[in-house]
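What follows is the content of start.pdb (PDB, C-alpha atoms, pLDDT in the B column).
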ATOM      1  CA  MET N   1     -16.606 -12.463 -13.460  1.00 64.00           C
ATOM      2  CA  LYS N   2     -15.841 -13.907 -10.020  1.00 83.00           C
ATOM      3  CA  TYR N   3     -15.900 -10.578  -8.145  1.00 94.00           C
ATOM      4  CA  VAL N   4     -17.990  -7.418  -8.197  1.00 95.00           C
ATOM      5  CA  ALA N   5     -15.151  -5.060  -7.236  1.00 97.00           C
ATOM      6  CA  LEU N   6     -11.366  -4.976  -7.002  1.00 98.00           C
ATOM      7  CA  LEU N   7      -9.536  -3.231  -4.164  1.00 98.00           C
ATOM      8  CA  PHE N   8      -5.838  -2.492  -4.575  1.00 98.00           C
ATOM      9  CA  ASP N   9      -3.064  -1.720  -2.130  1.00 98.00           C
ATOM     10  CA  LEU N  10      -0.656   0.920  -3.435  1.00 98.00           C
ATOM     11  CA  ASP N  11       2.952   0.654  -2.260  1.00 97.00           C
ATOM     12  CA  GLY N  12       4.738  -2.444  -3.515  1.00 96.00           C
ATOM     13  CA  THR N  13       1.581  -3.623  -5.283  1.00 97.00           C
ATOM     14  CA  LEU N  14       0.957  -0.959  -7.915  1.00 98.00           C
ATOM     15  CA  VAL N  15       4.017   1.267  -7.604  1.00 98.00           C
ATOM     16  CA  ASN N  16       7.665   0.738  -6.687  1.00 97.00           C
ATOM     17  CA  SER N  17       7.713   3.188  -3.800  1.00 97.00           C
ATOM     18  CA  ILE N  18       8.912   1.164  -0.804  1.00 96.00           C
ATOM     19  CA  ASP N  19      12.614   1.684  -1.565  1.00 96.00           C
ATOM     20  CA  LEU N  20      11.977   5.392  -2.071  1.00 97.00           C
ATOM     21  CA  TYR N  21      10.225   5.615   1.281  1.00 96.00           C
ATOM     22  CA  GLY N  22      13.145   3.791   2.843  1.00 95.00           C
ATOM     23  CA  GLU N  23      15.579   6.245   1.297  1.00 96.00           C
ATOM     24  CA  ALA N  24      13.644   9.142   2.796  1.00 96.00           C
ATOM     25  CA  VAL N  25      13.275   7.523   6.217  1.00 94.00           C
ATOM     26  CA  ILE N  26      16.934   6.501   6.464  1.00 95.00           C
ATOM     27  CA  ALA N  27      18.086  10.002   5.451  1.00 95.00           C
ATOM     28  CA  SER N  28      15.764  11.658   7.975  1.00 94.00           C
ATOM     29  CA  MET N  29      16.911   9.381  10.779  1.00 93.00           C
ATOM     30  CA  LYS N  30      20.540  10.082   9.894  1.00 93.00           C
ATOM     31  CA  GLU N  31      19.782  13.797  10.081  1.00 92.00           C
ATOM     32  CA  ILE N  32      18.960  13.396  13.779  1.00 92.00           C
ATOM     33  CA  GLY N  33      22.001  11.216  14.429  1.00 91.00           C
ATOM     34  CA  ASP N  34      20.621   7.696  14.030  1.00 92.00           C
ATOM     35  CA  ASP N  35      21.966   5.172  11.522  1.00 92.00           C
ATOM     36  CA  LEU N  36      19.103   2.976  10.317  1.00 91.00           C
ATOM     37  CA  SER N  37      20.278   0.076   8.171  1.00 92.00           C
ATOM     38  CA  GLN N  38      18.439  -1.126   5.081  1.00 92.00           C
ATOM     39  CA  GLU N  39      17.845  -4.456   6.814  1.00 91.00           C
ATOM     40  CA  ALA N  40      16.339  -2.746   9.860  1.00 91.00           C
ATOM     41  CA  TYR N  41      14.129  -0.633   7.598  1.00 92.00           C
ATOM     42  CA  ARG N  42      12.888  -3.732   5.793  1.00 92.00           C
ATOM     43  CA  ASP N  43      12.008  -5.418   9.082  1.00 91.00           C
ATOM     44  CA  TRP N  44      10.293  -2.249  10.304  1.00 89.00           C
ATOM     45  CA  TYR N  45       8.288  -1.922   7.085  1.00 90.00           C
ATOM     46  CA  ILE N  46       6.982  -5.474   6.803  1.00 90.00           C
ATOM     47  CA  ARG N  47       5.898  -5.324  10.450  1.00 85.00           C
ATOM     48  CA  GLY N  48       3.718  -2.355   9.589  1.00 84.00           C
ATOM     49  CA  GLN N  49       5.328  -0.189  12.236  1.00 82.00           C
ATOM     50  CA  HIS N  50       5.235   3.594  12.354  1.00 83.00           C
ATOM     51  CA  LEU N  51       7.720   6.445  12.766  1.00 85.00           C
ATOM     52  CA  ARG N  52       6.964   6.729  16.470  1.00 86.00           C
ATOM     53  CA  GLN N  53       7.981   3.098  17.024  1.00 86.00           C
ATOM     54  CA  MET N  54      11.179   3.568  15.060  1.00 85.00           C
ATOM     55  CA  LEU N  55      12.155   6.602  17.097  1.00 90.00           C
ATOM     56  CA  GLU N  56      11.486   4.665  20.290  1.00 88.00           C
ATOM     57  CA  LYS N  57      14.061   2.074  19.238  1.00 85.00           C
ATOM     58  CA  PHE N  58      16.628   4.857  19.255  1.00 89.00           C
ATOM     59  CA  GLY N  59      15.405   6.153  22.606  1.00 90.00           C
ATOM     60  CA  LYS N  60      13.646   9.164  21.104  1.00 86.00           C
ATOM     61  CA  THR N  61      10.123  10.503  20.785  1.00 86.00           C
ATOM     62  CA  GLU N  62       8.362  12.394  18.037  1.00 81.00           C
ATOM     63  CA  GLU N  63       7.577  15.147  20.529  1.00 86.00           C
ATOM     64  CA  GLY N  64      11.291  15.507  21.208  1.00 85.00           C
ATOM     65  CA  TRP N  65      12.132  15.552  17.501  1.00 87.00           C
ATOM     66  CA  PRO N  66       9.128  17.290  15.918  1.00 86.00           C
ATOM     67  CA  GLY N  67      10.867  18.060  12.641  1.00 91.00           C
ATOM     68  CA  VAL N  68      11.650  14.495  11.620  1.00 93.00           C
ATOM     69  CA  ARG N  69       8.216  13.709  10.160  1.00 92.00           C
ATOM     70  CA  GLY N  70       8.163  16.829   8.000  1.00 95.00           C
ATOM     71  CA  ASP N  71      11.724  16.170   6.827  1.00 96.00           C
ATOM     72  CA  ARG N  72      10.814  12.605   5.888  1.00 95.00           C
ATOM     73  CA  ASP N  73       7.720  13.756   4.005  1.00 96.00           C
ATOM     74  CA  ARG N  74       9.589  16.408   2.035  1.00 97.00           C
ATOM     75  CA  ARG N  75      12.242  13.910   1.017  1.00 97.00           C
ATOM     76  CA  TYR N  76       9.738  11.197   0.127  1.00 97.00           C
ATOM     77  CA  ILE N  77       7.441  13.426  -1.915  1.00 98.00           C
ATOM     78  CA  ALA N  78      10.422  14.759  -3.877  1.00 97.00           C
ATOM     79  CA  LEU N  79      11.586  11.204  -4.588  1.00 98.00           C
ATOM     80  CA  LEU N  80       8.097  10.136  -5.658  1.00 97.00           C
ATOM     81  CA  LYS N  81       7.838  12.999  -8.116  1.00 95.00           C
ATOM     82  CA  GLU N  82      11.258  12.179  -9.530  1.00 95.00           C
ATOM     83  CA  LYS N  83      11.603   8.397  -9.430  1.00 97.00           C
ATOM     84  CA  VAL N  84       8.354   6.513  -8.753  1.00 98.00           C
ATOM     85  CA  ALA N  85       7.488   3.847 -11.334  1.00 98.00           C
ATOM     86  CA  TRP N  86       4.779   1.262 -11.910  1.00 98.00           C
ATOM     87  CA  CYS N  87       5.234  -2.283 -10.670  1.00 97.00           C
ATOM     88  CA  VAL N  88       5.429  -4.862 -13.452  1.00 95.00           C
ATOM     89  CA  GLY N  89       2.053  -5.186 -15.162  1.00 95.00           C
ATOM     90  CA  ALA N  90       0.301  -2.678 -12.886  1.00 97.00           C
ATOM     91  CA  LYS N  91      -0.654  -0.020 -15.408  1.00 97.00           C
ATOM     92  CA  GLU N  92      -1.717  -2.597 -17.978  1.00 96.00           C
ATOM     93  CA  THR N  93      -3.845  -4.385 -15.378  1.00 96.00           C
ATOM     94  CA  LEU N  94      -5.635  -1.216 -14.298  1.00 97.00           C
ATOM     95  CA  GLU N  95      -6.280  -0.279 -17.919  1.00 96.00           C
ATOM     96  CA  TYR N  96      -7.678  -3.751 -18.592  1.00 95.00           C
ATOM     97  CA  PHE N  97     -10.251  -3.543 -15.795  1.00 95.00           C
ATOM     98  CA  PHE N  98     -10.926   0.205 -15.958  1.00 96.00           C
ATOM     99  CA  GLY N  99     -14.583   0.958 -16.711  1.00 93.00           C
ATOM    100  CA  LYS N 100     -15.511  -2.727 -16.557  1.00 93.00           C
ATOM    101  CA  ILE N 101     -15.479  -3.371 -12.805  1.00 95.00           C
ATOM    102  CA  PRO N 102     -15.491  -0.944  -9.852  1.00 97.00           C
ATOM    103  CA  MET N 103     -12.023  -0.402  -8.369  1.00 98.00           C
ATOM    104  CA  ALA N 104     -10.819   1.270  -5.194  1.00 98.00           C
ATOM    105  CA  LEU N 105      -7.377   2.195  -3.919  1.00 98.00           C
ATOM    106  CA  VAL N 106      -6.873   1.249  -0.256  1.00 98.00           C
ATOM    107  CA  THR N 107      -3.596   2.419   1.212  1.00 97.00           C
ATOM    108  CA  GLY N 108      -1.959   3.244   4.511  1.00 93.00           C
ATOM    109  CA  SER N 109      -0.233   6.173   2.803  1.00 95.00           C
ATOM    110  CA  TRP N 110      -1.286   9.802   3.144  1.00 96.00           C
ATOM    111  CA  MET N 111      -3.204  11.456   0.321  1.00 97.00           C
ATOM    112  CA  LYS N 112      -0.278  13.847  -0.213  1.00 97.00           C
ATOM    113  CA  TYR N 113       1.832  10.809  -1.146  1.00 98.00           C
ATOM    114  CA  VAL N 114      -0.875   9.569  -3.506  1.00 98.00           C
ATOM    115  CA  ASP N 115      -1.041  13.043  -5.063  1.00 98.00           C
ATOM    116  CA  ALA N 116       2.723  13.013  -5.633  1.00 98.00           C
ATOM    117  CA  ILE N 117       2.508   9.610  -7.322  1.00 98.00           C
ATOM    118  CA  ASP N 118      -0.470  10.762  -9.363  1.00 98.00           C
ATOM    119  CA  ALA N 119       1.484  13.785 -10.583  1.00 96.00           C
ATOM    120  CA  THR N 120       3.958  11.392 -12.184  1.00 96.00           C
ATOM    121  CA  LEU N 121       1.880   8.333 -13.119  1.00 98.00           C
ATOM    122  CA  ASP N 122      -1.703   9.675 -13.475  1.00 98.00           C
ATOM    123  CA  LEU N 123      -2.873   6.946 -11.121  1.00 97.00           C
ATOM    124  CA  LYS N 124      -6.048   8.226  -9.489  1.00 98.00           C
ATOM    125  CA  LYS N 125      -8.153   8.215 -12.647  1.00 98.00           C
ATOM    126  CA  TYR N 126      -8.497   4.422 -12.508  1.00 98.00           C
ATOM    127  CA  PHE N 127     -10.341   4.346  -9.165  1.00 98.00           C
ATOM    128  CA  GLN N 128     -13.900   5.108  -8.188  1.00 98.00           C
ATOM    129  CA  GLU N 129     -12.821   5.446  -4.559  1.00 98.00           C
ATOM    130  CA  LEU N 130      -9.592   6.325  -2.747  1.00 98.00           C
ATOM    131  CA  VAL N 131      -9.121   5.356   0.907  1.00 98.00           C
ATOM    132  CA  THR N 132      -5.981   6.723   2.551  1.00 97.00           C
ATOM    133  CA  VAL N 133      -4.747   7.153   6.098  1.00 95.00           C
ATOM    134  CA  ASP N 134      -6.430  10.581   6.016  1.00 96.00           C
ATOM    135  CA  ASP N 135      -9.747   8.686   6.112  1.00 95.00           C
ATOM    136  CA  ILE N 136      -8.930   6.043   8.698  1.00 92.00           C
ATOM    137  CA  GLY N 137      -6.534   7.589  11.228  1.00 87.00           C
ATOM    138  CA  LYS N 138      -4.905   4.973  13.435  1.00 84.00           C
ATOM    139  CA  MET N 139      -7.040   2.119  12.073  1.00 89.00           C
ATOM    140  CA  THR N 140      -4.563   1.204   9.352  1.00 90.00           C
ATOM    141  CA  LYS N 141      -4.005  -2.344   8.123  1.00 94.00           C
ATOM    142  CA  PRO N 142      -3.988  -4.967   9.638  1.00 94.00           C
ATOM    143  CA  HIS N 143      -7.185  -3.372  10.960  1.00 95.00           C
ATOM    144  CA  PRO N 144      -9.940  -4.115   8.401  1.00 97.00           C
ATOM    145  CA  HIS N 145     -11.538  -0.647   8.573  1.00 97.00           C
ATOM    146  CA  SER N 146     -10.004   0.702   5.357  1.00 97.00           C
ATOM    147  CA  LEU N 147     -11.189  -2.292   3.322  1.00 98.00           C
ATOM    148  CA  LEU N 148     -14.665  -2.179   4.803  1.00 98.00           C
ATOM    149  CA  LEU N 149     -14.849   1.567   4.188  1.00 98.00           C
ATOM    150  CA  ALA N 150     -13.861   1.121   0.535  1.00 98.00           C
ATOM    151  CA  ALA N 151     -16.454  -1.623   0.024  1.00 98.00           C
ATOM    152  CA  ASP N 152     -19.115   0.521   1.674  1.00 98.00           C
ATOM    153  CA  ARG N 153     -18.268   3.499  -0.521  1.00 98.00           C
ATOM    154  CA  LEU N 154     -18.505   1.293  -3.606  1.00 98.00           C
ATOM    155  CA  GLY N 155     -21.819  -0.106  -2.376  1.00 97.00           C
ATOM    156  CA  VAL N 156     -20.693  -3.726  -2.491  1.00 97.00           C
ATOM    157  CA  ASP N 157     -20.495  -6.613  -0.025  1.00 97.00           C
ATOM    158  CA  PRO N 158     -16.919  -7.198   1.222  1.00 97.00           C
ATOM    159  CA  LYS N 159     -17.164 -10.927   0.504  1.00 97.00           C
ATOM    160  CA  ASP N 160     -17.792 -10.138  -3.169  1.00 97.00           C
ATOM    161  CA  CYS N 161     -14.593  -8.055  -3.478  1.00 97.00           C
ATOM    162  CA  LEU N 162     -11.018  -9.127  -4.083  1.00 98.00           C
ATOM    163  CA  PHE N 163      -8.260  -7.269  -2.292  1.00 98.00           C
ATOM    164  CA  ILE N 164      -4.847  -7.237  -3.945  1.00 98.00           C
ATOM    165  CA  GLY N 165      -1.809  -6.461  -1.785  1.00 97.00           C
ATOM    166  CA  ASP N 166       1.773  -7.499  -1.060  1.00 96.00           C
ATOM    167  CA  GLN N 167       2.185  -7.612   2.735  1.00 96.00           C
ATOM    168  CA  LEU N 168       1.160  -9.772   5.671  1.00 95.00           C
ATOM    169  CA  PHE N 169      -0.858  -6.893   7.108  1.00 94.00           C
ATOM    170  CA  ASP N 170      -2.767  -6.796   3.806  1.00 96.00           C
ATOM    171  CA  ALA N 171      -3.697 -10.460   4.136  1.00 96.00           C
ATOM    172  CA  VAL N 172      -4.620 -10.125   7.817  1.00 96.00           C
ATOM    173  CA  ALA N 173      -6.800  -7.073   7.171  1.00 97.00           C
ATOM    174  CA  SER N 174      -8.500  -8.789   4.262  1.00 97.00           C
ATOM    175  CA  LYS N 175      -9.305 -11.873   6.303  1.00 96.00           C
ATOM    176  CA  ALA N 176     -10.675  -9.734   9.141  1.00 97.00           C
ATOM    177  CA  ALA N 177     -12.890  -7.911   6.624  1.00 97.00           C
ATOM    178  CA  GLY N 178     -14.263 -11.202   5.285  1.00 97.00           C
ATOM    179  CA  MET N 179     -12.746 -10.386   1.906  1.00 97.00           C
ATOM    180  CA  PRO N 180     -10.732 -12.738  -0.334  1.00 97.00           C
ATOM    181  CA  CYS N 181      -7.085 -11.694  -0.626  1.00 97.00           C
ATOM    182  CA  CYS N 182      -4.578 -11.970  -3.434  1.00 97.00           C
ATOM    183  CA  ILE N 183      -0.917 -11.375  -2.596  1.00 97.00           C
ATOM    184  CA  VAL N 184       1.385 -10.258  -5.391  1.00 97.00           C
ATOM    185  CA  LYS N 185       4.905 -11.323  -4.518  1.00 96.00           C
ATOM    186  CA  GLY N 186       7.309  -8.389  -4.437  1.00 94.00           C
ATOM    187  CA  ALA N 187      10.762  -7.596  -3.110  1.00 91.00           C
ATOM    188  CA  TYR N 188       9.375  -6.791   0.351  1.00 94.00           C
ATOM    189  CA  THR N 189       6.740  -9.543   0.585  1.00 95.00           C
ATOM    190  CA  PRO N 190       7.293 -11.858   3.586  1.00 93.00           C
ATOM    191  CA  GLU N 191       6.595 -15.578   3.303  1.00 93.00           C
ATOM    192  CA  GLU N 192       3.909 -15.266   5.977  1.00 94.00           C
ATOM    193  CA  ALA N 193       1.867 -13.052   3.659  1.00 94.00           C
ATOM    194  CA  MET N 194       1.703 -15.740   1.022  1.00 93.00           C
ATOM    195  CA  ASP N 195       0.780 -18.347   3.630  1.00 93.00           C
ATOM    196  CA  GLN N 196      -2.214 -16.238   4.710  1.00 93.00           C
ATOM    197  CA  ALA N 197      -3.431 -15.330   1.208  1.00 96.00           C
ATOM    198  CA  ASP N 198      -6.205 -16.973  -0.768  1.00 96.00           C
ATOM    199  CA  PHE N 199      -4.195 -16.495  -3.953  1.00 97.00           C
ATOM    200  CA  VAL N 200      -0.546 -15.724  -4.702  1.00 97.00           C
ATOM    201  CA  LEU N 201       0.641 -14.155  -7.957  1.00 96.00           C
ATOM    202  CA  LYS N 202       4.159 -13.596  -9.257  1.00 94.00           C
ATOM    203  CA  SER N 203       3.045 -10.325 -10.844  1.00 93.00           C
ATOM    204  CA  LEU N 204      -0.120  -8.358 -11.513  1.00 95.00           C
ATOM    205  CA  GLU N 205      -0.054  -9.630 -15.077  1.00 93.00           C
ATOM    206  CA  GLU N 206      -1.589 -12.852 -13.717  1.00 95.00           C
ATOM    207  CA  LEU N 207      -4.611 -11.076 -12.223  1.00 96.00           C
ATOM    208  CA  LYS N 208      -6.596 -11.113 -15.460  1.00 93.00           C
ATOM    209  CA  ALA N 209      -6.673 -14.913 -15.501  1.00 92.00           C
ATOM    210  CA  LEU N 210      -7.611 -15.069 -11.809  1.00 93.00           C
ATOM    211  CA  VAL N 211     -10.481 -12.579 -11.991  1.00 92.00           C
ATOM    212  CA  GLY N 212     -11.788 -13.523 -15.409  1.00 83.00           C
ATOM    213  CA  MET N 213     -12.956 -11.593 -18.414  1.00 68.00           C
ATOM    214  CA  PRO N 214     -14.948  -8.459 -17.578  1.00 61.00           C
ATOM    215  CA  SER N 215     -18.548  -8.628 -18.836  1.00 57.00           C
TER     216      SER N 215
END
Encoded form using structure tokens:
Amino acid sequence: MKYVALLFDLDGTLVNSIDLYGEAVIASMKEIGDDLSQEAYRDWYIRGQHLRQMLEKFGKTEEGWPGVRGDRDRRYIALLKEKVAWCVGAKETLEYFFGKIPMALVTGSWMKYVDAIDATLDLKKYFQELVTVDDIGKMTKPHPHSLLLAADRLGVDPKDCLFIGDQLFDAVASKAAGMPCCIVKGAYTPEEAMDQADFVLKSLEELKALVGMPS
């Protein structure tokens, strides 16, 4: 096998959650009087921006609207429990590698989101390590900290891992960590992400051929 460990992004890579997050965000912004378009949400998401930055575009602050984050979270968690689904080939890919190579989940989502997804898809059982924003604070991707932390927890050298994601900030973080990156093209994947990646896949079903047969 070419790698000693596989690190996976979550949203848009393993599960179809980005649209659900957008639905929650747009509804929460509308609740405080701001109309966020789907196009604006897409641009905001692929730039890896946060709620605070979105509020600033509408001339608001999180301190001035303290309930918006909780409202968004309640909406999103409810949607995850009701509608979240695997990306094409994701479950089959995890089952293929499970128990044969160490795997970690590395996401900029909160653990409460991961728990909601796990309640529906039984996701967490596939991973030896889970790194969420709870672990890394403000050092989310494109900062490499989450990838380096996952590799350290697995006890492996970052250069011997493969990180699988779908966004430009995934590719940038991977490069900064000295870790090869595979981008799986999804509905929200920008062209720049594929330009920065070491490998580009149309779906996770192609990962088996890239990584090789587990020993």
Evaluating the PyMOL selection byres ((chain N and resi 134) around 9) on the displayed file yields which residues, as a short mmCIF file (atom, residue, chain, number, x, y, z; two decimals) with C-alpha atoms, in the coordinates of the input?
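And here's part11.cif as it stands now:
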data_model
loop_
_atom_site.label_atom_id
_atom_site.label_comp_id
_atom_site.auth_asym_id
_atom_site.auth_seq_id
_atom_site.Cartn_x
_atom_site.Cartn_y
_atom_site.Cartn_z
CA GLY N 108 -1.96 3.24 4.51
CA SER N 109 -0.23 6.17 2.80
CA TRP N 110 -1.29 9.80 3.14
CA MET N 111 -3.20 11.46 0.32
CA VAL N 131 -9.12 5.36 0.91
CA THR N 132 -5.98 6.72 2.55
CA VAL N 133 -4.75 7.15 6.10
CA ASP N 135 -9.75 8.69 6.11
CA ILE N 136 -8.93 6.04 8.70
CA GLY N 137 -6.53 7.59 11.23
#
- Task: Identify, on the basis of all atoms listed in the file, every residue whose closest approach to Leu10 (chain N) does not exceed 9 Å; exclude the query and any residue fewer than 6 positions from it along the same chain; express the result as a ChimeraX atom specification.
- Result: /N:16-17,105-109,114,165
- Task: Convert the output of the PyMOL selection byres ((chain N and resi 77) around 12) on the shown file into explicit residues, formatted as a PyMOL selection string.
- Result: chain N and resi 17+20-21+23-25+70-76+78-84+109-120
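The shell of residues at most 12 Å from Lys100 (chain N), with all atoms listed in the file counted and near chain neighbours (fewer than 2 positions) removed, consists of Met1, Tyr3, Val4, Ala5, Leu6, Thr93, Leu94, Glu95, Tyr96, Phe97, Phe98, Pro102, Met103, Tyr126, Phe127, Gln128, Val211, Gly212, Met213, Pro214 and Ser215 of chain N.
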Selection export as an mmCIF file, in the frame of the given file, atoms kept: C-alpha atoms:
data_model
loop_
_atom_site.group_PDB
_atom_site.id
_atom_site.type_symbol
_atom_site.label_atom_id
_atom_site.label_comp_id
_atom_site.auth_asym_id
_atom_site.auth_seq_id
_atom_site.Cartn_x
_atom_site.Cartn_y
_atom_site.Cartn_z
ATOM 1 C CA MET N 1 -16.606 -12.463 -13.460
ATOM 2 C CA TYR N 3 -15.900 -10.578 -8.145
ATOM 3 C CA VAL N 4 -17.990 -7.418 -8.197
ATOM 4 C CA ALA N 5 -15.151 -5.060 -7.236
ATOM 5 C CA LEU N 6 -11.366 -4.976 -7.002
ATOM 6 C CA THR N 93 -3.845 -4.385 -15.378
ATOM 7 C CA LEU N 94 -5.635 -1.216 -14.298
ATOM 8 C CA GLU N 95 -6.280 -0.279 -17.919
ATOM 9 C CA TYR N 96 -7.678 -3.751 -18.592
ATOM 10 C CA PHE N 97 -10.251 -3.543 -15.795
ATOM 11 C CA PHE N 98 -10.926 0.205 -15.958
ATOM 12 C CA PRO N 102 -15.491 -0.944 -9.852
ATOM 13 C CA MET N 103 -12.023 -0.402 -8.369
ATOM 14 C CA TYR N 126 -8.497 4.422 -12.508
ATOM 15 C CA PHE N 127 -10.341 4.346 -9.165
ATOM 16 C CA GLN N 128 -13.900 5.108 -8.188
ATOM 17 C CA VAL N 211 -10.481 -12.579 -11.991
ATOM 18 C CA GLY N 212 -11.788 -13.523 -15.409
ATOM 19 C CA MET N 213 -12.956 -11.593 -18.414
ATOM 20 C CA PRO N 214 -14.948 -8.459 -17.578
ATOM 21 C CA SER N 215 -18.548 -8.628 -18.836
#
Please determine an axis-aligned box that encloses all atoms of region 99-103 of chain N listed in the file, with 6 Å added on each side, and express its centre and edge lengths in Å to one decimal as AutoDock Vina command-line options.
--center_x -13.8 --center_y -1.2 --center_z -12.5 --size_x 15.5 --size_y 16.3 --size_z 20.3
- Message: Residues within 12 Å of Ser37 (chain N), please, as a PyMOL selection string. Count all atoms listed in the file; anything in the same chain fewer than 2 positions from it doesn't count.
- Response: chain N and resi 22-23+25-27+29-30+34-35+39-44+54
- Query: CA of Phe199 (chain N) and CA of Leu148 (chain N), how far apart in Å?
  - Reply: 19.8 Å
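Comparing N:Thr140, N:Gln38, N:Thr61, N:Thr189 by their smallest distance to Lys202 (chain N), the closest is N:Thr189 (using all atoms listed in the file).
With all atoms listed in the file as the basis for measurement, N:Val88 is the residue among N:Lys60, N:Leu55, N:Val88, N:Ala150 that approaches Glu206 (chain N) most closely.
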- Task: Pick out the closest residue to Pro190 (chain N) from this set: N:Asp166, N:Lys208, N:His145, N:Asp160. Count all atoms listed in the file.
- Result: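 Of the candidates, the smallest distance to Pro190 (chain N) is held by N:Asp166.
In this comparison, which uses only C-alpha atoms, the residue of N:Cys161, N:Cys87, N:Cys182, N:Ala173 approaching Met139 (chain N) most closely is N:Ala173.
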- Message: I need the residue nearest His143 (chain N) from this list: N:Phe58, N:Trp65, N:Phe169, N:Trp86. Use all atoms listed in the file for the distance.
- Response: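 Looking only at the distances to His143 (chain N), the closest residue turns out to be N:Phe169.
You will find CA of Ile32 (chain N) at 21.5 Å from CA of Ile18 (chain N).
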- Two-atom distance - CA of Leu147 (chain N), CA of Glu205 (chain N) (Å):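 Computing it gives 22.7 Å between the two atoms.
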- Quick one: apply the PyMOL selection byres ((chain N and resi 174) around 9) to the file and drop the selected residues here as a list of chain:residue names. N:Lys141, N:Pro142, N:His143, N:Pro144, N:Leu147, N:Leu162, N:Phe163, N:Phe169, N:Asp170, N:Ala171, N:Val172, N:Ala173, N:Lys175, N:Ala176, N:Ala177, N:Gly178, N:Met179, N:Pro180, N:Cys181, N:Ala197
- Which residue out of N:Val15, N:Ala209, N:Leu36, N:Val68 has the minimum interatomic distance to Asp122 (chain N) when only C-alpha atoms are used?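 Of all the options, N:Val15 lies closest to Asp122 (chain N).
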Missing atoms of region 133-146 of chain N rebuilt to N, CA and C atoms, written as an mmCIF file, in the frame of the given file:
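Result file out-v8.cif:
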data_model
loop_
_atom_site.group_PDB
_atom_site.id
_atom_site.type_symbol
_atom_site.label_atom_id
_atom_site.label_comp_id
_atom_site.auth_asym_id
_atom_site.auth_seq_id
_atom_site.Cartn_x
_atom_site.Cartn_y
_atom_site.Cartn_z
ATOM 1 N N VAL N 133 -4.818 7.009 4.644
ATOM 2 C CA VAL N 133 -4.747 7.153 6.098
ATOM 3 C C VAL N 133 -5.468 8.424 6.564
ATOM 4 N N ASP N 134 -5.661 9.386 5.675
ATOM 5 C CA ASP N 134 -6.430 10.581 6.016
ATOM 6 C C ASP N 134 -7.862 10.214 6.420
ATOM 7 N N ASP N 135 -8.376 9.122 5.845
ATOM 8 C CA ASP N 135 -9.747 8.686 6.112
ATOM 9 C C ASP N 135 -9.869 7.804 7.351
ATOM 10 N N ILE N 136 -8.797 7.117 7.705
ATOM 11 C CA ILE N 136 -8.930 6.043 8.698
ATOM 12 C C ILE N 136 -8.144 6.274 9.975
ATOM 13 N N GLY N 137 -7.293 7.297 10.017
ATOM 14 C CA GLY N 137 -6.534 7.589 11.228
ATOM 15 C C GLY N 137 -5.649 6.433 11.650
ATOM 16 N N LYS N 138 -5.767 6.032 12.903
ATOM 17 C CA LYS N 138 -4.905 4.973 13.435
ATOM 18 C C LYS N 138 -5.356 3.573 13.044
ATOM 19 N N MET N 139 -6.513 3.447 12.420
ATOM 20 C CA MET N 139 -7.040 2.119 12.073
ATOM 21 C C MET N 139 -6.509 1.651 10.721
ATOM 22 N N THR N 140 -5.188 1.665 10.580
ATOM 23 C CA THR N 140 -4.563 1.204 9.352
ATOM 24 C C THR N 140 -4.458 -0.316 9.363
ATOM 25 N N LYS N 141 -4.204 -0.899 8.203
ATOM 26 C CA LYS N 141 -4.005 -2.344 8.123
ATOM 27 C C LYS N 141 -2.894 -2.755 9.099
ATOM 28 N N PRO N 142 -3.069 -3.840 9.841
ATOM 29 C CA PRO N 142 -3.988 -4.967 9.638
ATOM 30 C C PRO N 142 -5.419 -4.784 10.129
ATOM 31 N N HIS N 143 -5.786 -3.615 10.632
ATOM 32 C CA HIS N 143 -7.185 -3.372 10.960
ATOM 33 C C HIS N 143 -7.987 -3.400 9.655
ATOM 34 N N PRO N 144 -9.173 -3.987 9.649
ATOM 35 C CA PRO N 144 -9.940 -4.115 8.401
ATOM 36 C C PRO N 144 -10.708 -2.856 7.998
ATOM 37 N N HIS N 145 -10.660 -1.797 8.802
ATOM 38 C CA HIS N 145 -11.538 -0.647 8.573
ATOM 39 C C HIS N 145 -11.407 -0.064 7.168
ATOM 40 N N SER N 146 -10.183 0.073 6.667
ATOM 41 C CA SER N 146 -10.004 0.702 5.357
ATOM 42 C C SER N 146 -10.648 -0.116 4.240
#
